[in-house]
Each structure stands twice: as C-alpha cells, then as structure tokens.
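**Q** Just target.cif, nothing more (mmCIF, C-alpha atoms):
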data_input
loop_
_atom_site.label_atom_id
_atom_site.label_comp_id
_atom_site.auth_asym_id
_atom_site.auth_seq_id
_atom_site.Cartn_x
_atom_site.Cartn_y
_atom_site.Cartn_z
CA MET A 124 60.29 51.16 -109.34
CA THR A 125 62.73 48.24 -109.02
CA PHE A 126 66.16 48.36 -107.44
CA THR A 127 68.58 45.44 -107.65
CA PHE A 128 71.90 45.26 -105.88
CA LYS A 129 74.59 42.71 -105.19
CA SER A 130 76.46 42.05 -102.00
CA ILE A 131 79.37 39.76 -101.23
CA SER A 132 78.47 38.47 -97.81
CA SER A 133 81.58 37.78 -95.74
CA PHE A 134 79.77 35.68 -93.20
CA ILE A 135 78.62 33.03 -95.65
CA GLY A 136 81.16 33.59 -98.38
CA VAL A 137 78.78 33.63 -101.32
CA ALA A 138 77.20 36.32 -103.45
CA ILE A 139 73.72 37.36 -102.50
CA VAL A 140 71.42 39.21 -104.87
CA ILE A 141 68.42 40.86 -103.26
CA THR A 142 65.78 42.74 -105.19
CA LEU A 143 63.82 45.57 -103.66
CA GLY A 144 60.19 46.04 -104.53
CA THR A 145 59.75 43.60 -107.42
CA ALA A 146 56.20 42.77 -108.37
CA SER A 147 56.86 39.05 -107.95
CA ALA A 148 57.96 39.57 -104.33
CA ARG A 149 54.80 41.45 -103.38
CA ALA A 150 51.91 39.04 -103.11
CA ASP A 151 49.69 41.71 -101.59
CA SER A 152 50.06 45.10 -99.98
CA PHE A 153 50.98 45.95 -96.41
CA ALA A 154 49.35 48.51 -94.13
CA HIS A 155 51.63 51.52 -93.70
CA PRO A 156 52.74 52.66 -91.25
CA GLY A 157 52.34 49.18 -89.89
CA ALA A 158 55.27 47.80 -87.91
CA LEU A 159 55.03 48.51 -84.17
CA HIS A 160 52.64 51.43 -84.71
CA THR A 161 49.78 52.09 -87.10
CA GLN A 162 48.52 55.48 -88.18
CA ALA A 163 45.62 55.09 -85.74
CA ASP A 164 48.10 54.41 -82.92
CA LEU A 165 50.11 57.52 -83.77
CA GLU A 166 46.98 59.67 -83.97
CA ARG A 167 45.85 58.37 -80.56
CA MET A 168 49.19 59.31 -79.02
CA LYS A 169 49.05 62.79 -80.54
CA THR A 170 45.47 63.39 -79.38
CA LYS A 171 46.01 62.14 -75.85
CA VAL A 172 49.19 64.18 -75.33
CA ALA A 173 47.48 67.29 -76.69
CA GLN A 174 44.72 66.71 -74.13
CA SER A 175 47.30 66.24 -71.34
CA ALA A 176 45.60 62.90 -70.69
CA GLN A 177 47.23 60.34 -68.41
CA PRO A 178 49.15 58.11 -68.57
CA TRP A 179 50.11 59.23 -72.08
CA LEU A 180 51.39 62.58 -70.81
CA ASP A 181 53.72 60.90 -68.34
CA GLY A 182 55.03 58.71 -71.16
CA TRP A 183 55.50 61.75 -73.39
CA ASN A 184 57.45 63.57 -70.70
CA VAL A 185 59.81 60.62 -70.37
CA LEU A 186 60.36 60.71 -74.13
CA ILE A 187 61.09 64.42 -74.49
CA LYS A 188 63.48 64.41 -71.53
CA ASN A 189 65.56 61.63 -73.06
CA PRO A 190 68.66 63.03 -74.86
CA HIS A 191 68.05 60.63 -77.73
CA ALA A 192 64.91 62.61 -78.61
CA SER A 193 66.81 65.91 -78.79
CA LEU A 194 67.59 67.98 -81.88
CA ASN A 195 71.14 68.14 -80.55
CA TRP A 196 71.68 64.45 -81.26
CA THR A 197 74.60 63.75 -83.61
CA PRO A 198 74.82 60.40 -85.43
CA HIS A 199 78.08 58.45 -85.54
CA PRO A 200 77.84 56.01 -88.46
CA VAL A 201 80.61 53.53 -89.22
CA ASP A 202 81.24 51.41 -92.28
CA VAL A 203 81.45 48.12 -90.36
CA VAL A 204 79.79 47.51 -87.00
CA TYR A 205 81.64 45.11 -84.71
CA ARG A 206 79.89 43.34 -81.85
CA GLY A 207 82.05 40.77 -80.08
CA LYS A 208 85.76 40.16 -80.56
CA ASP A 209 86.48 39.02 -84.09
CA GLY A 210 90.03 37.76 -83.45
CA ALA A 211 91.45 40.28 -85.90
CA GLY A 212 91.86 43.16 -83.47
CA HIS A 213 88.87 45.21 -84.50
CA PRO A 214 87.46 47.09 -81.49
CA GLU A 215 83.80 46.71 -80.67
CA ASN A 216 81.91 49.80 -81.87
CA TYR A 217 78.28 48.69 -81.81
CA ARG A 218 77.46 51.26 -79.14
CA ALA A 219 77.26 53.86 -81.91
CA LEU A 220 74.55 51.87 -83.69
CA PHE A 221 72.33 51.10 -80.72
CA ASN A 222 72.43 54.72 -79.59
CA ASP A 223 71.62 56.05 -83.05
CA ALA A 224 68.83 53.50 -83.55
CA ALA A 225 67.27 54.60 -80.27
CA ALA A 226 67.60 58.24 -81.32
CA ALA A 227 66.06 57.71 -84.77
CA TYR A 228 63.04 55.99 -83.21
CA ALA A 229 62.59 58.55 -80.41
CA LEU A 230 62.88 61.47 -82.82
CA ALA A 231 60.46 59.91 -85.31
CA LEU A 232 57.92 59.43 -82.51
CA ARG A 233 58.45 62.99 -81.29
CA TRP A 234 57.80 64.28 -84.80
CA LYS A 235 54.57 62.33 -85.19
CA ILE A 236 53.22 63.47 -81.84
CA SER A 237 54.40 67.10 -81.88
CA GLY A 238 54.01 67.79 -85.58
CA ASP A 239 57.36 69.60 -85.60
CA ASP A 240 59.21 68.71 -88.80
CA ALA A 241 62.57 69.49 -87.22
CA TYR A 242 62.38 66.14 -85.42
CA ALA A 243 61.62 64.28 -88.65
CA ASP A 244 64.57 66.01 -90.31
CA LYS A 245 66.85 64.91 -87.50
CA ALA A 246 65.54 61.33 -87.56
CA ALA A 247 65.99 61.17 -91.34
CA SER A 248 69.53 62.52 -91.05
CA ILE A 249 70.42 59.63 -88.73
CA LEU A 250 68.98 57.00 -91.06
CA ASP A 251 70.59 58.66 -94.07
CA ALA A 252 73.99 58.77 -92.38
CA TRP A 253 73.90 55.05 -91.67
CA SER A 254 72.53 53.98 -95.06
CA ALA A 255 75.25 56.03 -96.78
CA THR A 256 78.02 54.50 -94.66
CA LEU A 257 77.24 51.02 -93.33
CA THR A 258 78.46 48.09 -95.42
CA GLY A 259 78.46 45.22 -92.95
CA ILE A 260 78.24 43.82 -89.43
CA SER A 261 80.98 41.61 -88.02
CA GLY A 262 82.62 40.46 -84.79
CA SER A 263 82.04 37.22 -82.93
CA SER A 264 78.78 35.30 -83.15
CA ASP A 265 77.36 38.32 -81.31
CA LYS A 266 77.16 39.99 -84.72
CA PHE A 267 73.88 38.13 -85.16
CA LEU A 268 72.47 39.84 -82.08
CA ALA A 269 73.36 43.16 -83.70
CA SER A 270 71.77 42.20 -87.02
CA GLY A 271 68.57 41.30 -85.20
CA ILE A 272 68.08 43.85 -82.43
CA TYR A 273 69.31 46.93 -84.28
CA GLY A 274 67.78 45.76 -87.55
CA TYR A 275 64.25 45.75 -86.20
CA GLN A 276 64.79 49.02 -84.35
CA LEU A 277 66.08 50.90 -87.39
CA ALA A 278 63.32 49.47 -89.57
CA ASN A 279 60.69 50.69 -87.12
CA ALA A 280 62.11 54.21 -87.09
CA ALA A 281 61.97 54.25 -90.89
CA GLU A 282 58.44 52.83 -90.96
CA ILE A 283 57.24 55.79 -88.88
CA LEU A 284 59.21 58.22 -90.99
CA ARG A 285 58.07 56.86 -94.35
CA THR A 286 55.12 59.28 -94.37
CA TYR A 287 57.42 62.31 -94.08
CA LYS A 288 57.13 64.01 -97.46
CA LYS A 289 60.45 65.84 -97.09
CA TRP A 290 62.44 62.62 -96.79
CA PRO A 291 63.76 62.17 -100.34
CA GLU A 292 62.50 59.02 -102.03
CA ASP A 293 66.02 58.15 -103.16
CA ASN A 294 67.22 58.27 -99.55
CA PHE A 295 64.33 56.10 -98.37
CA ASN A 296 65.07 53.56 -101.10
CA ARG A 297 68.77 53.55 -100.22
CA PHE A 298 67.85 52.90 -96.60
CA LYS A 299 65.62 49.98 -97.59
CA THR A 300 68.37 48.39 -99.66
CA THR A 301 70.74 48.74 -96.70
CA MET A 302 68.23 46.95 -94.50
CA LEU A 303 67.92 44.14 -97.01
CA ASN A 304 71.60 43.87 -97.83
CA VAL A 305 73.20 44.24 -94.42
CA PHE A 306 70.51 43.12 -91.98
CA TYR A 307 68.02 40.79 -93.65
CA SER A 308 70.73 38.72 -95.30
CA MET A 309 72.19 38.04 -91.84
CA ASN A 310 68.76 37.45 -90.27
CA HIS A 311 67.97 34.83 -92.89
CA ASP A 312 71.37 33.18 -92.66
CA PHE A 313 71.19 32.89 -88.89
CA LEU A 314 67.74 31.34 -88.82
CA VAL A 315 68.73 28.87 -91.56
CA ARG A 316 72.25 27.94 -90.39
CA HIS A 317 72.50 29.13 -86.77
CA ASN A 318 76.13 30.07 -87.33
CA GLY A 319 76.96 26.43 -88.04
CA ALA A 320 75.85 25.30 -84.57
CA LYS A 321 73.32 22.70 -83.45
CA ILE A 322 69.75 23.86 -83.86
CA ASP A 323 69.18 24.16 -80.09
CA HIS A 324 72.54 25.77 -79.26
CA TYR A 325 71.51 29.42 -79.34
CA TRP A 326 69.14 30.79 -76.72
CA ALA A 327 65.67 31.91 -77.73
CA ASN A 328 66.55 35.60 -77.75
CA TRP A 329 68.97 35.09 -80.67
CA ASP A 330 66.22 33.68 -82.86
CA LEU A 331 63.68 36.25 -81.68
CA ALA A 332 65.99 39.16 -82.43
CA ASN A 333 66.49 38.01 -86.01
CA MET A 334 62.81 37.18 -86.41
CA ASP A 335 61.97 40.73 -85.29
CA SER A 336 64.34 42.22 -87.84
CA MET A 337 63.05 39.96 -90.59
CA ILE A 338 59.38 40.78 -90.06
CA ALA A 339 60.08 44.51 -89.70
CA ILE A 340 62.15 44.59 -92.88
CA GLY A 341 59.49 42.62 -94.73
CA ILE A 342 56.93 45.25 -93.81
CA LEU A 343 59.23 48.18 -94.53
CA THR A 344 60.24 46.93 -97.97
CA ASP A 345 56.84 45.48 -98.96
CA ARG A 346 58.35 42.01 -99.20
CA ARG A 347 55.60 39.54 -98.41
CA ASP A 348 58.02 36.64 -98.88
CA ILE A 349 60.28 37.94 -96.11
CA TYR A 350 57.33 38.65 -93.84
CA ASN A 351 55.95 35.14 -94.40
CA GLU A 352 59.37 33.63 -93.71
CA ALA A 353 59.34 35.23 -90.26
CA ILE A 354 55.77 34.14 -89.49
CA GLU A 355 56.52 30.58 -90.56
CA TYR A 356 59.55 30.47 -88.27
CA PHE A 357 57.48 31.65 -85.31
CA LYS A 358 55.03 28.81 -85.88
CA HIS A 359 57.25 25.96 -87.08
CA GLY A 360 60.92 26.99 -86.82
CA GLY A 361 63.53 24.54 -85.59
CA GLY A 362 65.31 26.86 -83.17
CA ASN A 363 64.48 28.05 -79.69
CA GLY A 364 62.68 31.20 -80.87
CA ALA A 365 59.81 29.22 -82.37
CA ILE A 366 56.84 29.48 -80.03
CA ASN A 367 56.65 25.80 -79.06
CA HIS A 368 60.33 25.78 -78.15
CA LEU A 369 60.21 29.15 -76.43
CA VAL A 370 57.15 28.33 -74.30
CA TRP A 371 57.92 24.65 -74.11
CA LYS A 372 56.07 23.37 -71.04
CA ILE A 373 52.43 24.21 -70.24
CA TYR A 374 51.25 23.60 -66.67
CA PRO A 375 47.72 22.88 -65.40
CA ASP A 376 47.57 26.38 -63.87
CA GLY A 377 47.75 27.84 -67.39
CA LEU A 378 51.32 29.14 -67.18
CA GLY A 379 54.05 28.15 -69.61
CA GLN A 380 57.71 27.61 -68.73
CA THR A 381 60.03 29.50 -71.05
CA GLN A 382 63.30 28.37 -72.58
CA GLU A 383 65.61 30.81 -70.76
CA SER A 384 64.02 30.48 -67.30
CA GLY A 385 66.90 28.38 -66.01
CA ARG A 386 69.52 30.71 -67.50
CA ASP A 387 68.81 34.11 -65.91
CA GLN A 388 65.96 36.56 -65.68
CA GLY A 389 67.68 39.36 -67.58
CA HIS A 390 67.57 37.26 -70.73
CA ASN A 391 64.20 35.78 -69.82
CA THR A 392 62.68 39.28 -69.75
CA LEU A 393 64.53 40.15 -72.96
CA ASN A 394 62.41 37.42 -74.52
CA VAL A 395 59.34 39.34 -73.34
CA SER A 396 60.55 42.40 -75.24
CA LEU A 397 61.45 40.62 -78.46
CA LEU A 398 58.38 38.38 -78.48
CA GLY A 399 56.10 41.35 -77.87
CA ALA A 400 57.60 43.32 -80.75
CA PHE A 401 57.17 40.35 -83.09
CA CYS A 402 53.54 39.74 -82.18
CA GLN A 403 52.69 43.44 -82.35
CA MET A 404 54.15 43.85 -85.84
CA ALA A 405 52.23 40.81 -87.05
CA TRP A 406 49.04 42.08 -85.38
CA ASN A 407 49.32 45.37 -87.23
CA GLN A 408 49.37 43.36 -90.46
CA HIS A 409 46.25 41.42 -89.37
CA ASP A 410 47.97 38.25 -88.16
CA ASP A 411 47.04 37.34 -84.57
CA LEU A 412 50.04 35.57 -83.07
CA PHE A 413 49.06 36.79 -79.60
CA GLY A 414 46.17 34.33 -79.79
CA TYR A 415 48.06 31.55 -81.57
CA GLU A 416 47.64 28.09 -79.99
CA ASP A 417 45.24 29.24 -77.29
CA SER A 418 47.34 32.33 -76.43
CA ARG A 419 50.50 30.31 -75.84
CA VAL A 420 52.46 33.59 -75.81
CA LEU A 421 50.43 34.84 -72.84
CA LYS A 422 51.07 31.64 -70.90
CA GLY A 423 54.82 32.25 -71.19
CA ILE A 424 54.62 35.96 -70.44
CA GLU A 425 52.53 35.39 -67.32
CA TYR A 426 55.05 32.76 -66.15
CA ILE A 427 57.93 35.21 -66.50
CA ALA A 428 55.98 38.05 -64.89
CA LYS A 429 54.86 35.98 -61.92
CA TYR A 430 58.37 34.77 -61.09
CA ASN A 431 59.93 38.21 -61.52
CA LEU A 432 57.31 39.73 -59.25
CA GLY A 433 58.69 37.49 -56.49
CA GLU A 434 56.19 34.63 -56.59
CA ASP A 435 56.92 30.94 -56.99
CA VAL A 436 56.27 29.08 -60.24
CA LEU A 437 56.44 25.44 -61.22
CA TYR A 438 59.66 24.40 -62.91
CA THR A 439 60.70 21.33 -64.87
CA PRO A 440 64.45 20.69 -65.41
CA TYR A 441 65.45 21.95 -68.83
CA ARG A 442 67.88 20.06 -71.05
CA ASN A 443 69.19 20.52 -74.54
CA SER A 444 72.34 19.42 -76.38
CA ASP A 445 74.43 21.97 -74.44
CA VAL A 446 72.97 22.51 -70.98
CA THR A 447 71.08 20.94 -68.12
CA GLN A 448 69.32 23.37 -65.79
CA GLU A 449 67.79 21.66 -62.80
CA VAL A 450 66.33 24.77 -61.13
CA ILE A 451 64.91 28.10 -62.22
CA SER A 452 67.50 30.88 -62.11
CA SER A 453 67.15 33.73 -59.62
CA ALA A 454 69.92 35.75 -61.33
CA GLY A 455 68.51 39.11 -62.35
CA ARG A 456 65.16 38.34 -60.76
CA GLY A 457 62.90 41.40 -60.83
CA ASP A 458 64.64 42.89 -63.87
CA SER A 459 62.69 45.98 -64.93
CA ARG A 460 62.69 46.23 -68.69
CA PRO A 461 60.14 48.55 -70.37
CA VAL A 462 58.28 45.69 -72.03
CA TRP A 463 55.01 45.10 -70.18
CA GLU A 464 52.59 47.77 -71.40
CA LEU A 465 52.38 46.17 -74.85
CA PHE A 466 51.17 42.84 -73.50
CA TYR A 467 48.94 44.34 -70.82
CA ASN A 468 47.12 46.56 -73.30
CA HIS A 469 46.70 43.83 -75.86
CA TYR A 470 45.51 41.02 -73.64
CA VAL A 471 43.73 42.82 -70.82
CA VAL A 472 42.54 46.13 -72.28
CA LEU A 473 41.87 45.11 -75.88
CA LYS A 474 40.87 41.46 -75.56
CA GLY A 475 39.58 41.40 -71.99
CA GLN A 476 41.68 38.37 -71.05
CA ASP A 477 42.94 37.61 -67.58
CA ALA A 478 46.64 38.44 -67.15
CA PRO A 479 47.09 39.44 -63.51
CA PHE A 480 50.88 39.20 -63.38
CA THR A 481 51.41 41.08 -66.63
CA LYS A 482 49.02 43.74 -65.35
CA ALA A 483 50.89 44.02 -62.06
CA PHE A 484 54.25 44.35 -63.81
CA ALA A 485 52.92 47.02 -66.17
CA GLU A 486 51.67 49.01 -63.19
CA LYS A 487 55.00 48.57 -61.43
CA VAL A 488 57.17 50.00 -64.23
CA ARG A 489 54.77 52.68 -65.58
CA PRO A 490 55.63 55.06 -67.22
CA GLU A 491 58.00 53.11 -69.40
CA GLY A 492 61.11 54.81 -70.71
CA GLY A 493 63.25 54.07 -73.75
CA GLY A 494 66.86 53.62 -74.75
CA GLY A 495 69.08 55.50 -72.32
CA ASN A 496 66.63 55.38 -69.43
CA TYR A 497 67.84 51.98 -68.23
CA GLY A 498 71.60 52.37 -68.24
CA PRO A 499 74.26 53.14 -70.84
CA ASN A 500 75.07 49.60 -71.90
CA SER A 501 73.48 47.48 -74.60
CA GLY A 502 70.99 45.84 -72.24
CA GLY A 503 69.32 49.20 -71.71
CA PHE A 504 68.81 49.51 -75.47
CA ASP A 505 67.61 46.00 -76.30
CA GLN A 506 64.05 47.30 -76.53
CA LEU A 507 62.68 50.52 -77.99
CA GLY A 508 60.45 51.13 -74.97
CA TYR A 509 58.12 54.11 -74.35
CA GLY A 510 55.27 51.61 -74.09
CA THR A 511 53.10 53.74 -71.78
CA LEU A 512 52.99 56.41 -74.49
CA THR A 513 52.74 54.11 -77.48
CA TYR A 514 50.62 51.12 -76.39
CA THR A 515 48.15 52.49 -73.84
CA LEU A 516 44.74 52.16 -75.48
CA ARG A 517 42.39 53.73 -72.94
#
Turn this file's structure into structure tokens for me.

**A**
Amino acid sequence: MTFTFKSISSFIGVAIVITLGTASARADSFAHPGALHTQADLERMKTKVAQSAQPWLDGWNVLIKNPHASLNWTPHPVDVVYRGKDGAGHPENYRALFNDAAAAYALALRWKISGDDAYADKAASILDAWSATLTGISGSSDKFLASGIYGYQLANAAEILRTYKKWPEDNFNRFKTTMLNVFYSMNHDFLVRHNGAKIDHYWANWDLANMDSMIAIGILTDRRDIYNEAIEYFKHGGGNGAINHLVWKIYPDGLGQTQESGRDQGHNTLNVSLLGAFCQMAWNQHDDLFGYEDSRVLKGIEYIAKYNLGEDVLYTPYRNSDVTQEVISSAGRGDSRPVWELFYNHYVVLKGQDAPFTKAFAEKVRPEGGGGNYGPNSGGFDQLGYGTLTYTLR
C-alpha cells in the first residue's frame, strides 16, 4: 500500500513531498522489530525476567516503578512543539513530548516483557494522540535537537509496538507519515544545511541526534534510502557527528579524543548515548559500525569513560571555526547517564574485546534507569535508558 502526502515545511520554506512505502524506495527488506531491539532481544528479556534472573530483574524493577511505565499515564499532545525561544512569544512546550516519548517506549517494553496487552494499548494511545495532533516542530535552532532526540525515541517505541495486532494498521501508517513529515524532513535538512551555519559550528550531539532519528525512521518506514543516508553520514559526513570528526584524535594508547571533550562532560556523555543508539540500530540491520575503522567508536567511548571515572587522559587542544579549547573540560565530570550497558555488552560480552573503562562505568551505574530516573529536565530524557534490562546478554 502506498501513501503520499505533502507538507509545507516552514523551516526551509519549500514544499516537500514524501512517499511512504513505495516499491522504488525499498531496495530490500528490513528485520522487524529491528531498531534498538530485535525479537530475540525482547524474548531474552521476557525469559530472564520470568526466571527472576539477575541483573535483568533489577532492570525490570526499575522499569515498572517508573511512572512513565504506568497505565495511569496520560499523553499531552500539541500541534506544534517549541524548543527554544522563537522570538514570536511562543512558550517552550517540548517537555510534553519528551515525557510522552519516554512513556511510549517504557510501556511498549513493559508489554513485550509482561505480555499484558493493556500496556500495548496505552503505548499505542500515546503514539496515536501525537500522530493525530502534531504538525510541526519550531523554536530556536534547538528545534533540531527536538527533531533528532524525540524522533528516534518515538520511532523506537513504534518499532516495538508494530507487532501488536490490535494497533490498527491505519493508525500505524498515520504515525509513520508523521515521522517522515515532521521529523525526517527536519533531520535531513539539518544534516544537509546545518541551519545555515558553518559545517563545524554545531557540536557532535546535534548531528548524532538527527542521525539517530533518520536511521530509526528509515527502519520503521522500510525506507532503505533514508537508512543509507544515515549510514553514509556516519562514515563520510561533513559535520561533527561523522565518526572521524567525532573521534578525531587517536593516541598511541588506543584511546580517541572526542569532539566535545573540551566543552563539558554532560554533552560528552550525551555523545555516548546517541552514538550507542546509532550503532545498535545499524547492528540490528546487519551493519557493524561498532567495528568500523578498527573499532574507532570504542576508542572514543573508552576515552570518555576513563576521564569520567576520574583518571587522566591525553588531550590535544581542539580548534574549529568557532572555538579554541586548550584543556579538557572538568565541567560535569562523572556524569552518570544510563548509556554504558549497551557498549559493555557489545564489545566485552559479545565480541570479547578489552574495554576496561566502559566495563567499570557499566558496573558503576547498574541497574540503568530510564526517562524520569535522572531528573525532570530534558537532560534526564536524552536517552531511553533501561540498558541493564535491554542490553545484558548473559
């Protein structure tokens, strides 16, 4: 079935026509579910929790105690999401979206693991409410953070829920068109134009957020062209989210200095979250970006982990067209985001590689929580979390 829709995009001022599910757009099929979690992953979680096996049970208990995973959750959709001051007096309201995205994901997970359809119904009601209401994202340049972070989170909730037979096909298709129209169009525009700025102006996390949304939407909508666009940007993109700009300096000790190391560690660890999500989604579609260029990703992750565990790392002054950072930043050092289990389980448990600092950080923050467990503001919702439950392999 083919769905075509038109959107007048206010942020680029031209008409965009995006087609959902055309044969020409699908070069080959995707594995479903296949964004952050495969069917095998979800079955493992269900089995381990049923067996009261650790550490999965601890991760499950964190999930079910989080209010976002409750049947009492009420969505609050809006027609236009504003993140950042737009100069026209619109109040920022993006809190509604990041809370509802966290809830849709937590509820979808709870359904898959418990088998209770009530949680799928609630998750679907959140996604339906937003796809029936949302028409755009605006604000300052921060709108592109919203299009990226919340785009990939919503797409992942829907990818889990796509196997729920009681979610009407028309509603699922409407949700997919919303993801293409509202989110992907902004993801693409940002990575192509960077909001009219110099190519190195925006920090790596801006690129990574929009790359995450792009690859997730490509998988969700069976758009191989969108998926490939995201992969190509990871490998050869011009901005700071491309892997050789993100992990830009490799040292003889095997660690790699990352682009936001001289900025602050809150954003540096955000890069861990967004990079991990990107690599995991590609991995579940049989593309190994974790191992790309001699595991360049791991070199950067270990660098960030080592410094945030309180140890010294080598540092080379970083310069681009906007900033000069002579020393590594200690601001936010030790920041505890729920982002380490994914990398630990992939590199150490699955591949048997040496990642001592990633391992130590995973042990430090275990069990990982999700949105709402790390404060009420947007930084606590920048990652979906629950990694102890979802990524522990054995």

**Q** Nearest residue to Trp234 in chain A out of A:Ala252, A:Ala280, A:Val488, A:Val420, using all atoms listed in the file?

**A**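 For Trp234 in chain A, the nearest of the candidates is A:Ala280.
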
**Q** The residues within 8 Å of (74.8, 23.7, -75.8), using only C-alpha atoms and the coordinates of the file, should be reported as a PDB file with C-alpha atoms, in the frame of the given file; which are they?

**A**
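Generated output (point-v9.pdb):
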ATOM      1  CA  LYS A 321      73.320  22.700 -83.450  1.00  0.00           C
ATOM      2  CA  ASP A 323      69.180  24.160 -80.090  1.00  0.00           C
ATOM      3  CA  HIS A 324      72.540  25.770 -79.260  1.00  0.00           C
ATOM      4  CA  TYR A 325      71.510  29.420 -79.340  1.00  0.00           C
ATOM      5  CA  ASN A 443      69.190  20.520 -74.540  1.00  0.00           C
ATOM      6  CA  SER A 444      72.340  19.420 -76.380  1.00  0.00           C
ATOM      7  CA  ASP A 445      74.430  21.970 -74.440  1.00  0.00           C
ATOM      8  CA  VAL A 446      72.970  22.510 -70.980  1.00  0.00           C
TER       9      VAL A 446
END

**Q** Could you list, as a ChimeraX atom specification, every residue matched by the PyMOL selection byres ((chain A and resi 211-223) around 9) in this structure?

**A** /A:191,196-201,203-210,224-228,249-250,253,262,269,272-273,276-277,494-495,500-501,504-505

**Q** I'd like to know which of A:Leu516, A:Val450, A:Leu159, A:Val395 is closest to Thr481 in chain A, using all atoms listed in the file.

**A**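 Closest candidate: A:Val395.
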
**Q** Calculate how many Å separate CA of Gly341 in chain A from CA of Tyr356 in chain A, rounding to one decimal.

**A** 13.8 Å

**Q** Smallest atom-to-atom distance to Glu486 in chain A: which of A:Pro178, A:Pro499, A:Thr447, A:Ala320, using all atoms listed in the file?

**A**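 Ranking A:Pro178, A:Pro499, A:Thr447, A:Ala320 by distance to Glu486 in chain A, first place goes to A:Pro178.
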
**Q** Residues within 6 Å of range 304-316 of chain A, please, as a list in words. Count all atoms listed in the file; anything in the same chain fewer than 6 positions from it doesn't count.

**A**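 The residues satisfying every condition are Gly259, Ser270, Gly274, Asn333 and Met337 of chain A.
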
**Q** Identify all residues satisfying the PyMOL selection byres ((chain A and resi 360) around 12) in the given file; provide them as a list of chain:residue names.

**A**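 That expression, the PyMOL selection byres ((chain A and resi 360) around 12), corresponds here to A:Leu314, A:Val315, A:Arg316, A:His317, A:Ile322, A:Asp323, A:Ala327, A:Asp330, A:Leu331, A:Met334, A:Glu352, A:Ala353, A:Ile354, A:Glu355, A:Tyr356, A:Phe357, A:Lys358, A:His359, A:Gly361, A:Gly362, A:Asn363, A:Gly364, A:Ala365, A:Ile366, A:Asn367, A:His368, A:Leu369.
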
**Q** Got a sec to resolve the PyMOL selection byres ((chain A and resi 377) around 12) on this structure and send the residues as a ChimeraX atom specification?

**A** /A:370,372-376,378-380,417-426,436-437,477-478

**Q** Would you please work out which residue, of A:Gly399, A:Pro479, A:Gly455, A:Gly385, is nearest to Pro440 in chain A when using only C-alpha atoms?

**A** A:Gly385

**Q** Taking (47.4, 50.3, -96.0) in the coordinates of the supplied file, I want to know which residues reach to within 12 Å of it, counting all atoms listed in the file; could you give the answer as a count of residues only?

**A** 17

**Q** With a distance cut-off of 12 Å and all atoms listed in the file, select the neighbouring residues of Ser237 in chain A, excluding the residue or stretch itself and same-chain residues fewer than 2 positions from it, and output the selection as an MDAnalysis selection string.

**A** chainID A and resid 165:166 168:173 183 186:187 192 229:235 239:243

**Q** So what do you get for CA of Arg489 in chain A versus CA of Thr511 in chain A, distance-wise?

**A**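 Computing the Euclidean distance for CA of Arg489 in chain A and CA of Thr511 in chain A yields 6.5 Å.
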
**Q** Quick one: of A:Asp387, A:Asp348, A:Asp251, A:Asp265, who's nearest to Asn318 in chain A, counting all atoms listed in the file?

**A**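 Distance minimum relative to Asn318 in chain A lands on A:Asp265.
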
**Q** Near Leu412 in chain A, within 7 Å and counting all atoms listed in the file, which residues show up once chain neighbours fewer than 4 positions away are dropped, as a short mmCIF file (atom, residue, chain, number, x, y, z; two decimals) with C-alpha atoms, in the frame of the given file?

**A**
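Okay, this is what ended up in result.cif:
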data_model
loop_
_atom_site.label_atom_id
_atom_site.label_comp_id
_atom_site.auth_asym_id
_atom_site.auth_seq_id
_atom_site.Cartn_x
_atom_site.Cartn_y
_atom_site.Cartn_z
CA CYS A 402 53.54 39.74 -82.18
CA ALA A 405 52.23 40.81 -87.05
CA TRP A 406 49.04 42.08 -85.38
#

**Q** By how many Å are CA of Gln448 in chain A and CA of Arg386 in chain A apart?

**A**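 Between CA of Gln448 in chain A and CA of Arg386 in chain A the gap is 7.5 Å.
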
**Q** Just want the 8 Å neighbourhood of Val185 in chain A, counted on only C-alpha atoms, with same-chain residues fewer than 6 positions away dropped. Output as a ChimeraX atom specification.

**A** /A:490-492,509

**Q** Using only C-alpha atoms for the distances, tell me which of A:Gln388, A:Asn184, A:Ser336, A:Ser452 is nearest to Leu268 in chain A.

**A** A:Ser336

**Q** Do you know which residues are at most 10 Å from Asn468 in chain A counting only C-alpha atoms, after dropping those on the same chain fewer than 3 positions away, and could you put them as a VMD selection string?

**A** chain A and resid 463 to 465 471 to 475 481 to 482 485 510 to 511 514 to 517
